[in-house]
$ cat query-v2.cif   # mmCIF, C-alpha atoms and all ligand atoms
data_input
#
loop_
_atom_site.label_atom_id
_atom_site.label_comp_id
_atom_site.auth_asym_id
_atom_site.auth_seq_id
_atom_site.Cartn_x
_atom_site.Cartn_y
_atom_site.Cartn_z
CA MET A 984 -156.32 -11.63 -132.05
CA THR A 985 -156.04 -13.69 -135.22
CA THR A 986 -153.07 -16.00 -135.81
CA SER A 987 -151.38 -16.52 -139.17
CA ALA A 988 -148.11 -18.33 -138.52
CA VAL A 989 -145.02 -18.29 -140.76
CA ASP A 990 -141.62 -19.36 -139.43
CA THR A 991 -138.17 -18.06 -140.39
CA ASP A 992 -134.92 -17.64 -138.43
CA GLN A 993 -135.58 -13.91 -138.41
CA LEU A 994 -139.11 -14.29 -136.99
CA ARG A 995 -137.92 -16.71 -134.30
CA PHE A 996 -135.30 -14.13 -133.35
CA TRP A 997 -137.94 -11.39 -132.92
CA ARG A 998 -140.38 -13.65 -131.07
CA GLY A 999 -137.67 -14.62 -128.53
CA GLU A 1000 -135.46 -12.80 -126.02
CA PHE A 1001 -134.31 -10.22 -128.59
CA GLY A 1002 -137.88 -9.06 -129.19
CA ARG A 1003 -138.55 -8.72 -125.47
CA SER A 1004 -135.41 -6.64 -124.93
CA TYR A 1005 -136.31 -4.47 -127.95
CA ILE A 1006 -139.61 -3.60 -126.26
CA GLU A 1007 -137.77 -2.56 -123.09
CA ARG A 1008 -135.33 -0.38 -125.05
CA ASN A 1009 -138.06 1.37 -127.05
CA PRO A 1010 -140.88 2.50 -124.75
CA ALA A 1011 -143.67 4.83 -125.85
CA SER A 1012 -141.89 7.83 -124.31
CA ALA A 1013 -142.87 11.42 -125.06
CA GLU A 1014 -139.54 11.80 -126.87
CA HIS A 1015 -140.14 8.80 -129.16
CA LEU A 1016 -143.72 9.82 -129.87
CA GLY A 1017 -142.84 13.45 -130.58
CA ALA A 1018 -140.35 12.36 -133.24
CA ARG A 1019 -142.96 10.07 -134.87
CA VAL A 1020 -145.63 12.78 -134.80
CA ALA A 1021 -143.30 15.15 -136.66
CA LEU A 1022 -142.43 12.52 -139.28
CA TRP A 1023 -146.02 11.42 -139.85
CA ALA A 1024 -147.23 15.01 -140.11
CA LYS A 1025 -144.92 15.35 -143.12
CA ILE A 1026 -146.01 12.08 -144.70
CA LEU A 1027 -149.75 12.44 -144.09
CA GLU A 1028 -149.86 15.93 -145.55
CA ARG A 1029 -149.00 14.24 -148.88
CA LEU A 1030 -151.80 11.65 -148.54
CA ILE A 1031 -154.80 13.95 -148.46
CA ASN A 1032 -156.56 13.22 -151.71
CA PRO A 1033 -158.34 11.43 -150.09
CA PRO A 1034 -156.91 10.91 -146.58
CA PRO A 1035 -156.71 7.25 -145.47
CA LYS A 1036 -159.73 6.08 -143.47
CA SER A 1037 -158.03 2.83 -142.46
CA ILE A 1038 -154.35 2.20 -141.72
CA LEU A 1039 -152.41 -1.04 -141.16
CA GLU A 1040 -148.95 -1.09 -139.62
CA VAL A 1041 -147.08 -4.28 -140.48
CA GLY A 1042 -144.61 -4.98 -137.66
CA ALA A 1043 -146.11 -2.45 -135.24
CA ASN A 1044 -144.31 -3.56 -132.08
CA ILE A 1045 -145.93 -1.63 -129.19
CA GLY A 1046 -147.47 0.88 -131.60
CA ASN A 1047 -145.28 3.98 -131.43
CA ASN A 1048 -146.34 4.89 -134.99
CA ILE A 1049 -150.00 4.13 -134.34
CA ARG A 1050 -149.95 6.23 -131.16
CA ALA A 1051 -148.46 9.12 -133.16
CA LEU A 1052 -150.92 8.67 -136.04
CA ARG A 1053 -153.85 8.81 -133.63
CA THR A 1054 -152.96 12.41 -132.76
CA MET A 1055 -153.58 13.49 -136.36
CA SER A 1056 -155.86 10.93 -138.02
CA GLY A 1057 -159.27 9.52 -137.22
CA ALA A 1058 -158.55 6.45 -139.39
CA GLU A 1059 -159.38 2.94 -138.18
CA MET A 1060 -156.02 1.40 -137.23
CA TYR A 1061 -154.80 -2.21 -137.42
CA ALA A 1062 -151.55 -3.94 -136.53
CA VAL A 1063 -149.71 -7.07 -137.62
CA GLU A 1064 -147.06 -8.07 -135.08
CA PRO A 1065 -145.27 -11.39 -134.45
CA ILE A 1066 -144.04 -10.70 -130.87
CA PRO A 1067 -146.65 -11.87 -128.29
CA GLU A 1068 -145.55 -9.35 -125.63
CA ALA A 1069 -145.83 -6.47 -128.11
CA ARG A 1070 -149.35 -7.55 -129.16
CA GLN A 1071 -150.26 -7.79 -125.49
CA ALA A 1072 -148.98 -4.23 -124.89
CA LEU A 1073 -150.96 -2.90 -127.86
CA VAL A 1074 -154.16 -4.21 -126.30
CA SER A 1075 -153.48 -3.73 -122.57
CA GLN A 1076 -152.24 -0.16 -123.08
CA GLY A 1077 -155.40 0.69 -125.02
CA VAL A 1078 -153.66 1.37 -128.35
CA LEU A 1079 -155.87 -1.07 -130.29
CA ASP A 1080 -158.77 -3.40 -129.59
CA ALA A 1081 -157.78 -7.06 -129.68
CA ASP A 1082 -159.72 -7.71 -132.91
CA LYS A 1083 -157.52 -5.16 -134.71
CA VAL A 1084 -154.24 -6.87 -133.73
CA PHE A 1085 -153.02 -9.84 -135.77
CA ASP A 1086 -150.49 -12.48 -134.79
CA ALA A 1087 -148.94 -12.65 -138.24
CA CYS A 1088 -146.06 -11.47 -140.38
CA ALA A 1089 -145.64 -9.49 -143.57
CA ALA A 1090 -145.40 -12.59 -145.77
CA LYS A 1091 -148.94 -13.68 -144.80
CA ILE A 1092 -151.26 -10.88 -143.78
CA PRO A 1093 -154.68 -12.14 -142.63
CA LEU A 1094 -156.66 -9.37 -144.34
CA ALA A 1095 -158.60 -9.24 -147.59
CA ASP A 1096 -157.36 -7.59 -150.80
CA GLY A 1097 -157.64 -3.81 -150.46
CA ALA A 1098 -158.75 -4.12 -146.82
CA VAL A 1099 -157.05 -0.87 -145.73
CA ASP A 1100 -156.49 2.48 -147.42
CA LEU A 1101 -152.88 2.67 -146.24
CA ALA A 1102 -150.47 -0.14 -145.33
CA PHE A 1103 -146.98 0.67 -144.07
CA THR A 1104 -143.80 -0.62 -142.52
CA SER A 1105 -141.32 1.25 -140.36
CA GLY A 1106 -138.02 -0.52 -139.66
CA VAL A 1107 -139.46 -3.90 -140.61
CA LEU A 1108 -138.54 -4.73 -144.24
CA ILE A 1109 -134.90 -4.39 -143.12
CA HIS A 1110 -135.42 -7.38 -140.82
CA ILE A 1111 -136.93 -9.66 -143.46
CA HIS A 1112 -134.59 -12.10 -145.21
CA PRO A 1113 -134.16 -11.18 -148.91
CA ASP A 1114 -135.74 -14.54 -149.85
CA GLN A 1115 -138.98 -13.46 -148.15
CA LEU A 1116 -138.93 -9.81 -149.16
CA LEU A 1117 -140.88 -10.00 -152.42
CA GLN A 1118 -143.63 -12.14 -150.88
CA SER A 1119 -143.84 -9.67 -147.98
CA CYS A 1120 -144.13 -6.64 -150.28
CA ARG A 1121 -146.70 -8.51 -152.41
CA GLU A 1122 -148.83 -8.93 -149.30
CA ILE A 1123 -148.50 -5.27 -148.33
CA TYR A 1124 -149.39 -4.27 -151.91
CA ARG A 1125 -152.35 -6.68 -151.91
CA VAL A 1126 -153.99 -5.38 -148.72
CA ALA A 1127 -153.36 -1.68 -149.44
CA ARG A 1128 -156.18 -0.05 -151.37
CA ARG A 1129 -154.75 3.44 -151.97
CA TYR A 1130 -151.36 4.03 -150.36
CA ILE A 1131 -148.17 2.27 -149.28
CA VAL A 1132 -145.63 3.92 -146.99
CA CYS A 1133 -142.20 2.45 -146.37
CA ILE A 1134 -139.83 3.86 -143.71
CA GLU A 1135 -136.58 1.90 -143.74
CA TYR A 1136 -132.77 2.13 -143.79
CA PHE A 1137 -131.41 2.84 -147.26
CA SER A 1138 -128.45 1.43 -149.15
CA ASP A 1139 -127.65 1.80 -152.87
CA LYS A 1140 -127.10 -1.92 -153.15
CA PRO A 1141 -128.52 -4.77 -151.10
CA GLU A 1142 -126.30 -5.51 -148.12
CA MET A 1143 -126.44 -7.39 -144.85
CA ILE A 1144 -125.00 -5.54 -141.86
CA PRO A 1145 -124.58 -6.96 -138.35
CA TYR A 1146 -127.46 -5.95 -136.08
CA ARG A 1147 -126.43 -5.59 -132.45
CA GLY A 1148 -123.82 -8.28 -133.02
CA HIS A 1149 -126.14 -10.66 -134.92
CA ALA A 1150 -125.58 -11.72 -138.55
CA ASP A 1151 -128.48 -12.16 -141.00
CA ARG A 1152 -130.86 -9.96 -139.02
CA LEU A 1153 -130.57 -6.62 -140.88
CA PHE A 1154 -130.66 -6.18 -144.66
CA LYS A 1155 -130.49 -2.72 -146.21
CA ARG A 1156 -131.29 -1.79 -149.80
CA ASP A 1157 -133.19 0.75 -151.90
CA PHE A 1158 -136.63 -0.42 -150.71
CA GLY A 1159 -138.38 2.33 -152.70
CA GLY A 1160 -136.72 1.07 -155.87
CA PHE A 1161 -137.65 -2.49 -154.90
CA TYR A 1162 -141.35 -1.52 -154.72
CA LEU A 1163 -141.23 0.32 -158.06
CA ASP A 1164 -139.35 -2.49 -159.82
CA ASN A 1165 -141.84 -5.10 -158.64
CA PHE A 1166 -145.07 -3.07 -158.71
CA PRO A 1167 -144.61 -0.71 -161.67
CA ASP A 1168 -148.11 0.77 -161.38
CA LEU A 1169 -147.20 2.45 -158.08
CA GLN A 1170 -146.87 6.22 -158.28
CA VAL A 1171 -144.32 8.06 -156.17
CA VAL A 1172 -146.19 10.56 -154.01
CA ASP A 1173 -143.12 11.73 -152.10
CA TYR A 1174 -140.01 10.55 -150.33
CA GLY A 1175 -137.66 11.94 -147.73
CA PHE A 1176 -134.95 11.36 -145.19
CA ALA A 1177 -135.34 11.63 -141.42
CA TRP A 1178 -131.90 12.80 -140.30
CA LYS A 1179 -131.21 11.57 -136.78
CA ARG A 1180 -129.45 14.75 -135.64
CA VAL A 1181 -132.54 16.87 -136.03
CA THR A 1182 -135.48 14.45 -136.06
CA GLY A 1183 -134.64 11.83 -133.43
CA ILE A 1184 -135.58 9.20 -136.04
CA ASP A 1185 -132.72 6.83 -136.81
CA ASN A 1186 -131.59 8.09 -140.25
CA ALA A 1187 -134.53 6.48 -142.03
CA THR A 1188 -135.54 7.03 -145.63
CA TRP A 1189 -139.28 7.13 -146.32
CA TRP A 1190 -141.32 6.64 -149.45
CA ALA A 1191 -145.04 7.20 -150.01
CA PHE A 1192 -146.66 5.49 -152.99
CA ALA A 1193 -150.16 5.70 -154.41
CA LYS A 1194 -151.86 2.71 -155.98
CA PRO A 1195 -153.98 3.54 -159.01
CA GLU A 1196 -157.72 2.81 -158.53
C1 LIG P 1201 -137.31 -2.42 -135.39
S1 LIG P 1201 -138.91 -2.91 -134.84
C2 LIG P 1201 -139.92 -1.59 -135.50
C3 LIG P 1201 -141.21 -1.43 -134.76
C4 LIG P 1201 -142.17 -0.36 -135.27
N1 LIG P 1201 -142.52 -0.58 -136.65
C5 LIG P 1201 -141.61 1.02 -135.10
O1 LIG P 1201 -141.28 1.69 -136.09
O2 LIG P 1201 -141.51 1.44 -133.94
C6 LIG P 1201 -139.28 -4.26 -135.92
C7 LIG P 1201 -140.62 -4.89 -135.65
O3 LIG P 1201 -140.97 -5.69 -136.77
C8 LIG P 1201 -141.46 -6.92 -136.32
N2 LIG P 1201 -141.17 -7.89 -137.39
C9 LIG P 1201 -140.01 -8.54 -137.63
N3 LIG P 1201 -140.12 -9.32 -138.71
C10 LIG P 1201 -141.38 -9.15 -139.18
C11 LIG P 1201 -142.11 -9.70 -140.26
N4 LIG P 1201 -141.55 -10.58 -141.11
N5 LIG P 1201 -143.39 -9.32 -140.43
C12 LIG P 1201 -143.97 -8.42 -139.58
N6 LIG P 1201 -143.33 -7.89 -138.53
C13 LIG P 1201 -142.05 -8.25 -138.32
C14 LIG P 1201 -140.74 -7.17 -135.03
O4 LIG P 1201 -141.42 -8.10 -134.23
C15 LIG P 1201 -140.68 -5.78 -134.43
O5 LIG P 1201 -141.81 -5.50 -133.68
#
$ encode --input "query-v2.cif" --output "structure tokens" --more "lines below"
Ligand SMILES: C[S@@+](CC[C@H](N)C(=O)[O-])C[C@H]1O[C@@H](n2cnc3c(N)ncnc32)[C@H](O)[C@@H]1O
Amino acid sequence: MTTSAVDTDQLRFWRGEFGRSYIERNPASAEHLGARVALWAKILERLINPPPKSILEVGANIGNNIRALRTMSGAEMYAVEPIPEARQALVSQGVLDADKVFDACAAKIPLADGAVDLAFTSGVLIHIHPDQLLQSCREIYRVARRYIVCIEYFSDKPEMIPYRGHADRLFKRDFGGFYLDNFPDLQVVDYGFAWKRVTGIDNATWWAFAKPE
């Protein structure tokens, strides 16, 4: 595993007790994975021309998205994840080989420009302080060759909301608009909403963008 350290209050929070309890609350259960499979089936059917041959999840945790993606894609998969216990689970549970798992964060991704066909976040940009958000999206844009997917909580205007009783740990906004405003060459491939009542996904909005060649 490669290390690329950046430190913020938010990252310290995830690397500590909160991150460990998050892992316990969110196991790779059949229920969790089924919901991800259904969501990714919808997203991937829009990314077929050509389909991604390599995929990076930024903030993968124990790999619930990667496990779901494996059921429908033969792409080479990679993960960036700051929590040591989550990286350990990715490797020990056979989700990824150790050389595909990076001890890093979105603001400094230890991969070359255009290293993967698709780079994505799922419930991760919401946990990045607004001061670090543009740098983080720049990195995701830089390493993605063809596609960017963003699955996050939506709000019309940027707002901080308490996260399990903690201030400054969850920031909602129109992340799709943020990408388009800062990377105007991105093309909208599709977007959608995963309504919790029927999908089991926590009311997340998703966007899929294509990067021109
Ligand atoms: C809410 S969990 C989502 C996990 C996973 N993406 C999923 O959808 O199941 C947030 C994850 O993002 C990671 N994370 C937090 N800040 C990050 C950052 N700045 N860069 C990369 N990952 C980060 C956390 O360690 C945690 O694993």
$ residues_near_ligand --input "query-v2.cif" --ligand "ligand LIG 1201 (chain P)" --cutoff "8 Å" --atoms "only C-alpha atoms and all ligand atoms" --output "PDB file with C-alpha atoms, in the frame of the given file"
ATOM      1  CA  GLN A 993    -135.580 -13.910-138.410  1.00  0.00           C
ATOM      2  CA  LEU A 994    -139.110 -14.290-136.990  1.00  0.00           C
ATOM      3  CA  TRP A 997    -137.940 -11.390-132.920  1.00  0.00           C
ATOM      4  CA  ARG A 998    -140.380 -13.650-131.070  1.00  0.00           C
ATOM      5  CA  GLY A1002    -137.880  -9.060-129.190  1.00  0.00           C
ATOM      6  CA  TYR A1005    -136.310  -4.470-127.950  1.00  0.00           C
ATOM      7  CA  ILE A1006    -139.610  -3.600-126.260  1.00  0.00           C
ATOM      8  CA  ASN A1009    -138.060   1.370-127.050  1.00  0.00           C
ATOM      9  CA  GLU A1040    -148.950  -1.090-139.620  1.00  0.00           C
ATOM     10  CA  VAL A1041    -147.080  -4.280-140.480  1.00  0.00           C
ATOM     11  CA  GLY A1042    -144.610  -4.980-137.660  1.00  0.00           C
ATOM     12  CA  ALA A1043    -146.110  -2.450-135.240  1.00  0.00           C
ATOM     13  CA  ASN A1044    -144.310  -3.560-132.080  1.00  0.00           C
ATOM     14  CA  ILE A1045    -145.930  -1.630-129.190  1.00  0.00           C
ATOM     15  CA  GLY A1046    -147.470   0.880-131.600  1.00  0.00           C
ATOM     16  CA  ASN A1047    -145.280   3.980-131.430  1.00  0.00           C
ATOM     17  CA  ASN A1048    -146.340   4.890-134.990  1.00  0.00           C
ATOM     18  CA  VAL A1063    -149.710  -7.070-137.620  1.00  0.00           C
ATOM     19  CA  GLU A1064    -147.060  -8.070-135.080  1.00  0.00           C
ATOM     20  CA  PRO A1065    -145.270 -11.390-134.450  1.00  0.00           C
ATOM     21  CA  ILE A1066    -144.040 -10.700-130.870  1.00  0.00           C
ATOM     22  CA  ALA A1069    -145.830  -6.470-128.110  1.00  0.00           C
ATOM     23  CA  ALA A1087    -148.940 -12.650-138.240  1.00  0.00           C
ATOM     24  CA  CYS A1088    -146.060 -11.470-140.380  1.00  0.00           C
ATOM     25  CA  ALA A1089    -145.640  -9.490-143.570  1.00  0.00           C
ATOM     26  CA  ALA A1090    -145.400 -12.590-145.770  1.00  0.00           C
ATOM     27  CA  THR A1104    -143.800  -0.620-142.520  1.00  0.00           C
ATOM     28  CA  SER A1105    -141.320   1.250-140.360  1.00  0.00           C
ATOM     29  CA  GLY A1106    -138.020  -0.520-139.660  1.00  0.00           C
ATOM     30  CA  VAL A1107    -139.460  -3.900-140.610  1.00  0.00           C
ATOM     31  CA  LEU A1108    -138.540  -4.730-144.240  1.00  0.00           C
ATOM     32  CA  HIS A1110    -135.420  -7.380-140.820  1.00  0.00           C
ATOM     33  CA  ILE A1111    -136.930  -9.660-143.460  1.00  0.00           C
ATOM     34  CA  SER A1119    -143.840  -9.670-147.980  1.00  0.00           C
TER      35      SER A1119
END
$ residues_near_point --input "query-v2.cif" --point "(-144.3, 4.9, -153.1)" --cutoff "8 Å" --atoms "all atoms listed in the file" --output "VMD selection string"
chain A and resid 1130 to 1133 1159 1162 to 1163 1169 to 1174 1190 to 1193
$ closest_atom_pairs --input "query-v2.cif" --of "segment 1111-1163 of chain A" --to "segment 1175-1180 of chain A" --cutoff "10 Å" --atoms "only C-alpha atoms" --output "CSV"
residue,atom,partner,partner_atom,distance
A:Ile1134,CA,A:Phe1176,CA,9.1
A:Glu1135,CA,A:Phe1176,CA,9.7
A:Tyr1136,CA,A:Phe1176,CA,9.6
A:Phe1137,CA,A:Phe1176,CA,9.5
$ closest_residue --input "query-v2.cif" --among "A:Lys1194, A:Arg1128, A:Lys1155, A:Lys1091" --to "Pro1141 of chain A" --atoms "all atoms listed in the file"
A:Lys1155
$ residues_near_point --input "query-v2.cif" --point "(-160.3, -6.4, -145.1)" --cutoff "12 Å" --atoms "only C-alpha atoms" --output "PyMOL selection string"
chain A and resi 1037-1039+1059-1061+1083+1092-1102+1125-1128
$ atom_distance --input "query-v2.cif" --atom1 "atom CA of Ser1075 of chain A" --atom2 "atom CA of Ala1013 of chain A"
18.7 Å
$ atom_distance --input "query-v2.cif" --atom1 "atom CA of Phe1166 of chain A" --atom2 "atom CA of Ile1049 of chain A"
25.9 Å
$ closest_residue --input "query-v2.cif" --among "A:Val989, A:Met1143, A:Ile1184, A:Ala1058" --to "Leu1016 of chain A" --atoms "only C-alpha atoms"
A:Ile1184
$ closest_residue --input "query-v2.cif" --among "A:Val1074, A:Leu1022, A:Ser1012, A:Ala1150" --to "Asp1185 of chain A" --atoms "all atoms listed in the file"
A:Leu1022
$ atom_distance --input "query-v2.cif" --atom1 "atom CA of Leu1079 of chain A" --atom2 "atom CA of Ser1004 of chain A"
21.9 Å
